[in-house]
Amino acid sequence: MDFEFTQDQNIFYESVRKFAENELAAGSVARANSDSYPWDVAQQFSKMGLLGITIPENKGGVGGTLMDAVLAIQAVAEFCPRSADVIQAGNFGAIRTFAEYASEDQLKQFLPELLAGKGIISVGMSEPDAGSSVTDLQTSATPDGDDFLINGNKVFGTNSVEANLFLIYLRFGPGIDNIGSAIVEKGTGGFDIGPSYRYMNGESWSPLYFNNCRIPKTNILLGPGGFKKQISGFNVERLGNAARAVAVGKKAFMEACEHAKTRKQFGRNLCEFQGLQWKFAEMQMRLEAAQLLLMRAVTNAENDLPSAHESALAKLACNDAGFFAANESLQVMGALGFSDDSIVQYCLRRTRGWMIAGGSTEILKNRIAEAIFERRFSQRPSKPSSQKRHDG
């Protein structure tokens with residue numbers, strides 16, 4: 001299989017990379033340590049056409065490809081990992097699912113602000129009792145005249161503090177076939193955003209509470225039966241996660257490599273010690289192998305929708321390689337890498353979080369095993385078989 005980029009892809013990648021090097025690299029550590037979303041970067045990316053790459057032109061997007069979006073993430077992450085999150089938010093996850101299934105009126109109402117870098121959409125999927133087992137979600141939508149009333153709560157929503165729009169997974173009745181989604185605007189009556197909690201990766205997320213939150217039926221994105229459509233789009237989200245993970249691991253690797261070339265101990269550069277040489281060899285092997293699995297999943301995607309199996313393999317490999325490289329790079333750099341003045345500690349924290357977000361590494365292994373054995377492995381306990389009772 002040929003993973004060589006086309007001439008246009010090479011030109012695109014180099015132009016984004018050059019911008020990141022010239023405009024973003026100097027502030028990368030400050031952005032990594034900041035509590036605020038980089039809105040200034042988002043608006044710059046909007047002007048460059050880097051938001052909405054994966055959204056067709058007839059829907060208001062740029063009309064690029066999944067590969068273009070992955071290249072943009074990786075070009076930016078090479079110099080400013082935090083800014084790569086902006087590319088993710090503008091092309092993958094909630095915005096991609098929204099654009100895929102939104103009505104023409106919904107697109108006109110909500111998409112322009114998102115693609116202008118002046119708004120952001122967060123997904124409300126996880127609940128206190130429904131994480132990896134997302135089909136256990138309890139947040140409900142009940143019809144009430146021309147409206148729906150939403151009740152329930154959500155947790156662990158990326159960008160939930162900054163978002164002005166929320167894509168909420170909910171159920172219209174019992175069972176998987178009654179799961180769908182709705183669009184809820186910040187400030188809607190009955191919708192409250194709780195106090196934020198800071199996490200290890202440096203982000204802050206807020207729980208979301210819905211108490212008879214009234215929305216018009218025109219805000220329903222996918223009604224009953226929409227769950228499978230939403231989850232099929234989630235494979236794209238996993239590749240955005242994977243692209244950042246391997247790229248951020250590579251960023252840490254390069255920082256450690258430069259350190260090893262110049263730092264002296266015992267009268268020798270660190271790169272001259274065999275123990276460290278082996279660390280770098282294994283880091284590069286893992287990073288390049290993971291990158292190839294990512295490229296395979298992107299290249300084989302049909303209509304920019306990758307297969308569940310290949311996206312699971314790519315995310316698992318990229319998560320493991322990215323974290324391994326960041327962890328080993330920090331070890332090479334010692335206290336310098338552990339400091340807030342270094343981007344490497346941020347790379348470590350970010351790559352660790354991606355091993356949980358977007359499908360944990362354990363869930364990915366389950367999905368991979370199902371493809372290997374061509375059967376579904378339920379993680380739920382077996383239901384007790386009913387037995388007829390007979391009086392003796």
# chains A, B, ... in the order shown; residues from 1 in each chain; ligands from 1
>>> closest_atom_pairs(of="range 160-214 of chain A", to="range 218-238 of chain A", cutoff="9 Å", atoms="only C-alpha atoms", output="JSON lines")
{"residue": "A:Leu167", "atom": "CA", "partner": "A:Leu221", "partner_atom": "CA", "distance": 8.4}
{"residue": "A:Tyr169", "atom": "CA", "partner": "A:Phe227", "partner_atom": "CA", "distance": 8.4}
{"residue": "A:Arg171", "atom": "CA", "partner": "A:Pro224", "partner_atom": "CA", "distance": 7.5}
{"residue": "A:Phe172", "atom": "CA", "partner": "A:Pro224", "partner_atom": "CA", "distance": 6.3}
{"residue": "A:Gly173", "atom": "CA", "partner": "A:Pro224", "partner_atom": "CA", "distance": 8.1}
{"residue": "A:Ile176", "atom": "CA", "partner": "A:Phe227", "partner_atom": "CA", "distance": 7.1}
{"residue": "A:Asp177", "atom": "CA", "partner": "A:Gly225", "partner_atom": "CA", "distance": 4.6}
{"residue": "A:Asn178", "atom": "CA", "partner": "A:Pro224", "partner_atom": "CA", "distance": 4.3}
{"residue": "A:Ile179", "atom": "CA", "partner": "A:Phe227", "partner_atom": "CA", "distance": 5.4}
{"residue": "A:Gly180", "atom": "CA", "partner": "A:Gly226", "partner_atom": "CA", "distance": 4.7}
{"residue": "A:Ser181", "atom": "CA", "partner": "A:Leu222", "partner_atom": "CA", "distance": 5.2}
{"residue": "A:Ala182", "atom": "CA", "partner": "A:Ile220", "partner_atom": "CA", "distance": 4.2}
{"residue": "A:Ile183", "atom": "CA", "partner": "A:Asn219", "partner_atom": "CA", "distance": 5.2}
{"residue": "A:Val184", "atom": "CA", "partner": "A:Asn219", "partner_atom": "CA", "distance": 7.1}
>>> residues_around(residues="Asp320 in chain A", least_positions_apart="3", cutoff="10 Å", atoms="only C-alpha atoms", output="ChimeraX atom specification")
/A:242,245-246,249,286-287,290,314-317,323-325,351-352,354-355,361
>>> write_last_selection(atoms="N, CA and C atoms", output="compact mmCIF listing (two decimals), in the first residue's frame")
# COMPACT_ATOMS: atom_id res chain seq x y z
N ALA A 242 -6.15 9.82 17.63
CA ALA A 242 -4.93 9.09 17.30
C ALA A 242 -3.89 10.00 16.66
N ALA A 245 -2.30 12.07 19.34
CA ALA A 245 -1.51 11.27 20.27
C ALA A 245 -0.12 10.96 19.71
N VAL A 246 -0.07 10.48 18.47
CA VAL A 246 1.22 10.11 17.89
C VAL A 246 2.04 11.36 17.58
N GLY A 249 3.38 12.72 20.90
CA GLY A 249 4.49 11.85 21.32
C GLY A 249 5.75 12.15 20.53
N ARG A 286 8.11 2.61 17.68
CA ARG A 286 6.70 2.61 18.05
C ARG A 286 5.94 3.76 17.38
N LEU A 287 6.55 4.93 17.34
CA LEU A 287 5.89 6.08 16.72
C LEU A 287 5.65 5.86 15.23
N ALA A 290 2.94 3.18 14.63
CA ALA A 290 1.61 3.73 14.92
C ALA A 290 1.16 4.67 13.81
N ALA A 314 -5.63 1.75 14.99
CA ALA A 314 -4.84 2.98 14.88
C ALA A 314 -4.83 3.75 16.19
N LYS A 315 -6.00 3.89 16.80
CA LYS A 315 -6.05 4.65 18.05
C LYS A 315 -5.27 3.93 19.16
N LEU A 316 -5.41 2.63 19.26
CA LEU A 316 -4.68 1.88 20.28
C LEU A 316 -3.18 2.04 20.10
N ALA A 317 -2.70 1.87 18.87
CA ALA A 317 -1.28 1.97 18.59
C ALA A 317 -0.76 3.39 18.85
N PHE A 323 2.08 7.94 24.36
CA PHE A 323 2.35 7.99 25.79
C PHE A 323 3.74 7.43 26.11
N PHE A 324 4.09 6.33 25.47
CA PHE A 324 5.41 5.74 25.70
C PHE A 324 6.51 6.73 25.36
N ALA A 325 6.39 7.38 24.21
CA ALA A 325 7.42 8.33 23.79
C ALA A 325 7.49 9.54 24.72
N THR A 351 -1.08 12.89 26.34
CA THR A 351 -1.15 11.55 25.76
C THR A 351 -1.75 10.55 26.73
N ARG A 352 -1.55 10.77 28.03
CA ARG A 352 -2.16 9.86 29.01
C ARG A 352 -3.68 9.98 28.98
N TRP A 354 -5.59 10.75 26.47
CA TRP A 354 -6.18 10.18 25.26
C TRP A 354 -6.27 8.67 25.31
N MET A 355 -5.62 8.04 26.28
CA MET A 355 -5.77 6.60 26.46
C MET A 355 -7.11 6.26 27.11
N THR A 361 -8.27 2.31 25.97
CA THR A 361 -7.46 1.29 25.30
C THR A 361 -8.03 -0.11 25.54
>>> closest_residue(among="A:Gln274, A:Gln74, A:Ser132, A:Asn212", to="Phe148 in chain A", atoms="only C-alpha atoms")
A:Asn212
>>> residues_around(residues="Tyr199 in chain A", least_positions_apart="4", cutoff="12 Å", atoms="only C-alpha atoms", output="count of residues only")
12
>>> residues_around(residues="range 263-267 of chain A", least_positions_apart="4", cutoff="12 Å", atoms="only C-alpha atoms", output="PyMOL selection string")
chain A and resi 255-259+271-273+332-334+336
>>> select_by_dssp(residues="range 199-289 of chain A", states="alpha helix (DSSP H)", output="JSON, numbers by chain")
{"A": [227, 228, 229, 230, 231, 232, 233, 234, 235, 236, 237, 238, 239, 240, 241, 242, 243, 244, 245, 246, 247, 248, 249, 250, 251, 252, 253, 254, 255, 256, 257, 258, 259, 260, 261, 262, 274, 275, 276, 277, 278, 279, 280, 281, 282, 283, 284, 285, 286, 287, 288, 289]}
>>> closest_residue(among="A:Thr54, A:Ala42, A:Gln291, A:Lys217", to="Gly145 in chain A", atoms="only C-alpha atoms")
A:Lys217
>>> decode(residues="range 167-249 of chain A", atoms="C-alpha atoms", output="mmCIF file, in the first residue's frame")
data_model
loop_
_atom_site.group_PDB
_atom_site.id
_atom_site.type_symbol
_atom_site.label_atom_id
_atom_site.label_comp_id
_atom_site.auth_asym_id
_atom_site.auth_seq_id
_atom_site.Cartn_x
_atom_site.Cartn_y
_atom_site.Cartn_z
ATOM 1 C CA LEU A 167 -24.561 17.877 21.119
ATOM 2 C CA ILE A 168 -26.422 15.781 23.690
ATOM 3 C CA TYR A 169 -26.868 12.023 23.420
ATOM 4 C CA LEU A 170 -30.252 11.065 24.874
ATOM 5 C CA ARG A 171 -33.008 8.534 24.712
ATOM 6 C CA PHE A 172 -36.588 8.859 23.516
ATOM 7 C CA GLY A 173 -37.599 5.580 25.129
ATOM 8 C CA PRO A 174 -36.147 2.271 26.346
ATOM 9 C CA GLY A 175 -33.563 0.292 24.407
ATOM 10 C CA ILE A 176 -30.739 1.125 22.012
ATOM 11 C CA ASP A 177 -33.176 1.777 19.166
ATOM 12 C CA ASN A 178 -34.567 4.762 21.036
ATOM 13 C CA ILE A 179 -31.238 6.578 21.475
ATOM 14 C CA GLY A 180 -30.670 9.748 19.461
ATOM 15 C CA SER A 181 -29.353 13.264 19.976
ATOM 16 C CA ALA A 182 -30.304 16.914 20.205
ATOM 17 C CA ILE A 183 -28.663 20.318 19.935
ATOM 18 C CA VAL A 184 -28.888 22.476 23.073
ATOM 19 C CA GLU A 185 -27.701 26.070 23.237
ATOM 20 C CA LYS A 186 -25.975 27.527 26.256
ATOM 21 C CA GLY A 187 -28.444 29.648 28.195
ATOM 22 C CA THR A 188 -31.488 27.513 27.379
ATOM 23 C CA GLY A 189 -33.945 27.435 30.287
ATOM 24 C CA GLY A 190 -33.595 24.311 32.432
ATOM 25 C CA PHE A 191 -30.015 23.742 31.250
ATOM 26 C CA ASP A 192 -27.335 24.452 33.840
ATOM 27 C CA ILE A 193 -23.577 24.137 33.521
ATOM 28 C CA GLY A 194 -22.015 23.085 36.810
ATOM 29 C CA PRO A 195 -18.711 24.249 38.345
ATOM 30 C CA SER A 196 -15.670 23.158 36.382
ATOM 31 C CA TYR A 197 -13.211 20.502 37.497
ATOM 32 C CA ARG A 198 -9.580 20.600 36.449
ATOM 33 C CA TYR A 199 -8.062 17.390 35.124
ATOM 34 C CA MET A 200 -4.561 16.038 34.816
ATOM 35 C CA ASN A 201 -4.300 17.026 31.151
ATOM 36 C CA GLY A 202 -4.754 20.684 32.098
ATOM 37 C CA GLU A 203 -8.308 20.971 30.776
ATOM 38 C CA SER A 204 -11.335 21.936 32.829
ATOM 39 C CA TRP A 205 -14.688 20.285 32.193
ATOM 40 C CA SER A 206 -18.098 20.990 33.674
ATOM 41 C CA PRO A 207 -21.009 18.649 34.384
ATOM 42 C CA LEU A 208 -24.219 19.445 32.530
ATOM 43 C CA TYR A 209 -27.639 19.367 34.196
ATOM 44 C CA PHE A 210 -31.009 19.212 32.428
ATOM 45 C CA ASN A 211 -34.181 19.801 34.423
ATOM 46 C CA ASN A 212 -37.202 20.008 32.118
ATOM 47 C CA CYS A 213 -34.981 21.761 29.606
ATOM 48 C CA ARG A 214 -37.313 22.772 26.806
ATOM 49 C CA ILE A 215 -36.035 22.696 23.241
ATOM 50 C CA PRO A 216 -37.973 22.969 19.976
ATOM 51 C CA LYS A 217 -38.333 19.776 17.979
ATOM 52 C CA THR A 218 -36.271 21.495 15.277
ATOM 53 C CA ASN A 219 -33.274 21.046 17.616
ATOM 54 C CA ILE A 220 -33.452 17.258 17.410
ATOM 55 C CA LEU A 221 -30.443 16.107 15.403
ATOM 56 C CA LEU A 222 -31.130 12.374 15.219
ATOM 57 C CA GLY A 223 -34.340 10.884 16.512
ATOM 58 C CA PRO A 224 -34.971 7.289 17.629
ATOM 59 C CA GLY A 225 -32.673 4.894 15.798
ATOM 60 C CA GLY A 226 -29.914 7.460 15.445
ATOM 61 C CA PHE A 227 -27.424 5.803 17.769
ATOM 62 C CA LYS A 228 -25.696 3.644 15.161
ATOM 63 C CA LYS A 229 -25.249 6.624 12.858
ATOM 64 C CA GLN A 230 -23.721 8.644 15.676
ATOM 65 C CA ILE A 231 -21.342 5.877 16.660
ATOM 66 C CA SER A 232 -20.225 5.242 13.069
ATOM 67 C CA GLY A 233 -19.108 8.857 12.971
ATOM 68 C CA PHE A 234 -17.267 8.282 16.235
ATOM 69 C CA ASN A 235 -14.616 6.323 14.333
ATOM 70 C CA VAL A 236 -13.572 9.622 12.740
ATOM 71 C CA GLU A 237 -13.251 11.117 16.217
ATOM 72 C CA ARG A 238 -10.935 8.267 17.159
ATOM 73 C CA LEU A 239 -8.631 9.077 14.264
ATOM 74 C CA GLY A 240 -8.454 12.711 15.355
ATOM 75 C CA ASN A 241 -7.490 11.476 18.811
ATOM 76 C CA ALA A 242 -4.926 9.093 17.304
ATOM 77 C CA ALA A 243 -3.414 11.779 15.077
ATOM 78 C CA ARG A 244 -2.807 14.064 18.046
ATOM 79 C CA ALA A 245 -1.509 11.272 20.270
ATOM 80 C CA VAL A 246 1.217 10.114 17.892
ATOM 81 C CA ALA A 247 2.108 13.681 16.853
ATOM 82 C CA VAL A 248 2.394 14.907 20.439
ATOM 83 C CA GLY A 249 4.486 11.855 21.320
#
